[in-house]
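A.B. asks: File model_10.pdb below, PDB, C-alpha atoms:
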ATOM      1  CA  MET Y   1      75.869 158.539  67.823  1.00  0.00           C
ATOM      2  CA  PHE Y   2      74.567 159.024  64.346  1.00  0.00           C
ATOM      3  CA  ILE Y   3      72.214 156.622  62.643  1.00  0.00           C
ATOM      4  CA  PHE Y   4      73.325 155.799  59.130  1.00  0.00           C
ATOM      5  CA  GLN Y   5      71.044 154.499  56.426  1.00  0.00           C
ATOM      6  CA  GLN Y   6      71.922 151.372  54.520  1.00  0.00           C
ATOM      7  CA  LEU Y   7      72.949 152.342  51.018  1.00  0.00           C
ATOM      8  CA  GLY Y   8      72.349 150.347  47.890  1.00  0.00           C
ATOM      9  CA  PRO Y   9      75.185 148.819  45.854  1.00  0.00           C
ATOM     10  CA  LYS Y  10      75.362 151.717  43.382  1.00  0.00           C
ATOM     11  CA  GLN Y  11      74.928 154.621  45.819  1.00  0.00           C
ATOM     12  CA  LYS Y  12      77.916 156.577  47.086  1.00  0.00           C
ATOM     13  CA  ILE Y  13      78.513 157.490  50.719  1.00  0.00           C
ATOM     14  CA  PRO Y  14      77.867 161.220  51.282  1.00  0.00           C
ATOM     15  CA  PHE Y  15      80.855 163.410  52.065  1.00  0.00           C
ATOM     16  CA  THR Y  16      79.419 164.500  55.449  1.00  0.00           C
ATOM     17  CA  THR Y  17      79.128 160.852  56.519  1.00  0.00           C
ATOM     18  CA  LYS Y  18      82.760 160.255  55.564  1.00  0.00           C
ATOM     19  CA  LEU Y  19      83.817 163.307  57.566  1.00  0.00           C
ATOM     20  CA  ALA Y  20      81.779 162.201  60.588  1.00  0.00           C
ATOM     21  CA  LEU Y  21      83.312 158.710  60.519  1.00  0.00           C
ATOM     22  CA  ALA Y  22      86.832 160.130  60.157  1.00  0.00           C
ATOM     23  CA  PHE Y  23      86.182 162.554  63.020  1.00  0.00           C
ATOM     24  CA  TRP Y  24      84.992 159.800  65.394  1.00  0.00           C
ATOM     25  CA  ILE Y  25      87.902 157.520  64.496  1.00  0.00           C
ATOM     26  CA  ILE Y  26      90.458 160.289  65.070  1.00  0.00           C
ATOM     27  CA  LEU Y  27      88.760 161.338  68.307  1.00  0.00           C
ATOM     28  CA  GLY Y  28      88.742 157.734  69.583  1.00  0.00           C
ATOM     29  CA  LEU Y  29      92.421 157.271  68.765  1.00  0.00           C
ATOM     30  CA  ALA Y  30      93.301 160.589  70.403  1.00  0.00           C
ATOM     31  CA  ILE Y  31      91.500 159.668  73.633  1.00  0.00           C
ATOM     32  CA  LEU Y  32      93.089 156.217  73.624  1.00  0.00           C
ATOM     33  CA  SER Y  33      96.593 157.575  73.103  1.00  0.00           C
ATOM     34  CA  PHE Y  34      96.089 160.276  75.753  1.00  0.00           C
ATOM     35  CA  PHE Y  35      95.148 157.749  78.443  1.00  0.00           C
ATOM     36  CA  ALA Y  36      97.814 155.251  77.374  1.00  0.00           C
ATOM     37  CA  PHE Y  37     100.474 157.975  77.533  1.00  0.00           C
ATOM     38  CA  GLY Y  38      99.136 159.132  80.911  1.00  0.00           C
ATOM     39  CA  VAL Y  39      99.404 155.625  82.366  1.00  0.00           C
ATOM     40  CA  PHE Y  40     102.944 155.377  80.934  1.00  0.00           C
ATOM     41  CA  ILE Y  41     103.965 158.667  82.575  1.00  0.00           C
ATOM     42  CA  ILE Y  42     102.509 157.587  85.955  1.00  0.00           C
ATOM     43  CA  ALA Y  43     104.344 154.235  85.772  1.00  0.00           C
ATOM     44  CA  LEU Y  44     107.560 156.026  84.823  1.00  0.00           C
ATOM     45  CA  MET Y  45     107.286 158.394  87.806  1.00  0.00           C
ATOM     46  CA  VAL Y  46     106.635 155.484  90.206  1.00  0.00           C
ATOM     47  CA  GLY Y  47     109.700 153.726  88.813  1.00  0.00           C
ATOM     48  CA  VAL Y  48     111.870 156.824  89.279  1.00  0.00           C
ATOM     49  CA  VAL Y  49     110.693 157.246  92.889  1.00  0.00           C
ATOM     50  CA  LEU Y  50     111.359 153.581  93.705  1.00  0.00           C
ATOM     51  CA  PHE Y  51     114.789 153.770  92.085  1.00  0.00           C
ATOM     52  CA  ALA Y  52     115.669 156.921  94.039  1.00  0.00           C
ATOM     53  CA  THR Y  53     114.579 155.412  97.366  1.00  0.00           C
ATOM     54  CA  LYS Y  54     116.684 152.289  96.767  1.00  0.00           C
ATOM     55  CA  LEU Y  55     119.610 154.391  95.627  1.00  0.00           C
ATOM     56  CA  PHE Y  56     119.719 156.562  98.744  1.00  0.00           C
ATOM     57  CA  GLN Y  57     118.795 153.818 101.216  1.00  0.00           C
ATOM     58  CA  LYS Y  58     121.400 152.887 103.833  1.00  0.00           C
ATOM     59  CA  LYS Y  59     123.003 149.649 102.743  1.00  0.00           C
ATOM     60  CA  ASN Y  60     123.724 146.723 105.058  1.00  0.00           C
ATOM     61  CA  GLY Y  61     125.837 143.731 104.196  1.00  0.00           C
ATOM     62  CA  PRO Y  62     124.004 140.807 102.646  1.00  0.00           C
ATOM     63  CA  ASN Y  63     122.463 138.504 105.244  1.00  0.00           C
ATOM     64  CA  SER Y  64     124.239 140.288 108.058  1.00  0.00           C
ATOM     65  CA  ILE Y  65     122.963 140.576 111.602  1.00  0.00           C
ATOM     66  CA  PRO Y  66     123.224 144.170 112.794  1.00  0.00           C
ATOM     67  CA  LYS Y  67     125.654 144.501 115.695  1.00  0.00           C
ATOM     68  CA  PRO Y  68     124.501 146.298 118.831  1.00  0.00           C
ATOM     69  CA  PRO Y  69     126.328 149.490 119.745  1.00  0.00           C
ATOM     70  CA  PRO Y  70     129.213 149.191 122.248  1.00  0.00           C
ATOM     71  CA  GLY Y  71     128.112 149.108 125.871  1.00  0.00           C
ATOM     72  CA  PHE Y  72     124.652 147.797 125.005  1.00  0.00           C
ATOM     73  CA  GLN Y  73     123.470 144.823 127.038  1.00  0.00           C
ATOM     74  CA  THR Y  74     121.361 142.319 125.200  1.00  0.00           C
ATOM     75  CA  ARG Y  75     120.273 140.396 128.321  1.00  0.00           C
ATOM     76  CA  THR Y  76     119.807 141.561 131.852  1.00  0.00           C
ATOM     77  CA  TYR Y  77     119.754 139.300 134.896  1.00  0.00           C
ATOM     78  CA  SER Y  78     118.393 141.639 137.532  1.00  0.00           C
ATOM     79  CA  ARG Y  79     115.933 139.182 139.087  1.00  0.00           C
ATOM     80  CA  HIS Y  80     116.955 137.444 142.290  1.00  0.00           C
ATOM     81  CA  ILE Y  81     116.621 133.711 142.089  1.00  0.00           C
ATOM     82  CA  LYS Y  82     114.708 132.184 144.983  1.00  0.00           C
ATOM     83  CA  ASP Y  83     114.336 128.518 145.751  1.00  0.00           C
ATOM     84  CA  ASP Y  84     110.622 128.735 146.516  1.00  0.00           C
ATOM     85  CA  ASP Y  85     109.515 130.645 143.393  1.00  0.00           C
ATOM     86  CA  ASP Y  86     107.693 127.707 141.919  1.00  0.00           C
ATOM     87  CA  VAL Y  87     105.842 126.732 145.110  1.00  0.00           C
ATOM     88  CA  ILE Y  88     102.231 127.870 145.324  1.00  0.00           C
ATOM     89  CA  ASP Y  89     101.187 128.998 148.806  1.00  0.00           C
ATOM     90  CA  ILE Y  90      97.652 128.094 149.716  1.00  0.00           C
TER      91      ILE Y  90
END
Mind turning the file's structure into structure tokens?

C.D. replies:
Amino acid sequence: MFIFQQLGPKQKIPFTTKLALAFWIILGLAILSFFAFGVFIIALMVGVVLFATKLFQKKNGPNSIPKPPPGFQTRTYSRHIKDDDDVIDI
């Protein structure tokens, strides 16, 4: 950055110094607006993607338990029950 001299009360600021200050202010605002707009565009795209995924998602009823397809067994009892299952042989 430039080093500016302290001017007295009656001295005017040179025109080149005014131009340099205006240039740095405009450049700073341009960089700030570019990144702010970029973050806005990224957030907007994320919002559109989330909206589209919710829009095309298969909808179930609220608080509903999905029903198994017909012919589907939820429990099987294929084990033979023996009377001596719980006895430990030593």

A.B. asks: Which value, in Å to one decimal, gives the distance between CA of Phe15 (chain Y) and CA of Phe34 (chain Y)?

C.D. replies: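 CA of Phe34 (chain Y) lies at a distance of 28.3 Å from CA of Phe15 (chain Y).
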
A.B. asks: Could you tell me how far CA of Ala20 (chain Y) sits from CA of Ala36 (chain Y), in Å to one decimal place?

C.D. replies: 24.2 Å

A.B. asks: Could you check how far CA of Leu55 (chain Y) sits from CA of Val39 (chain Y), in Å to one decimal?

C.D. replies: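 Between these atoms lies a distance of 24.2 Å.
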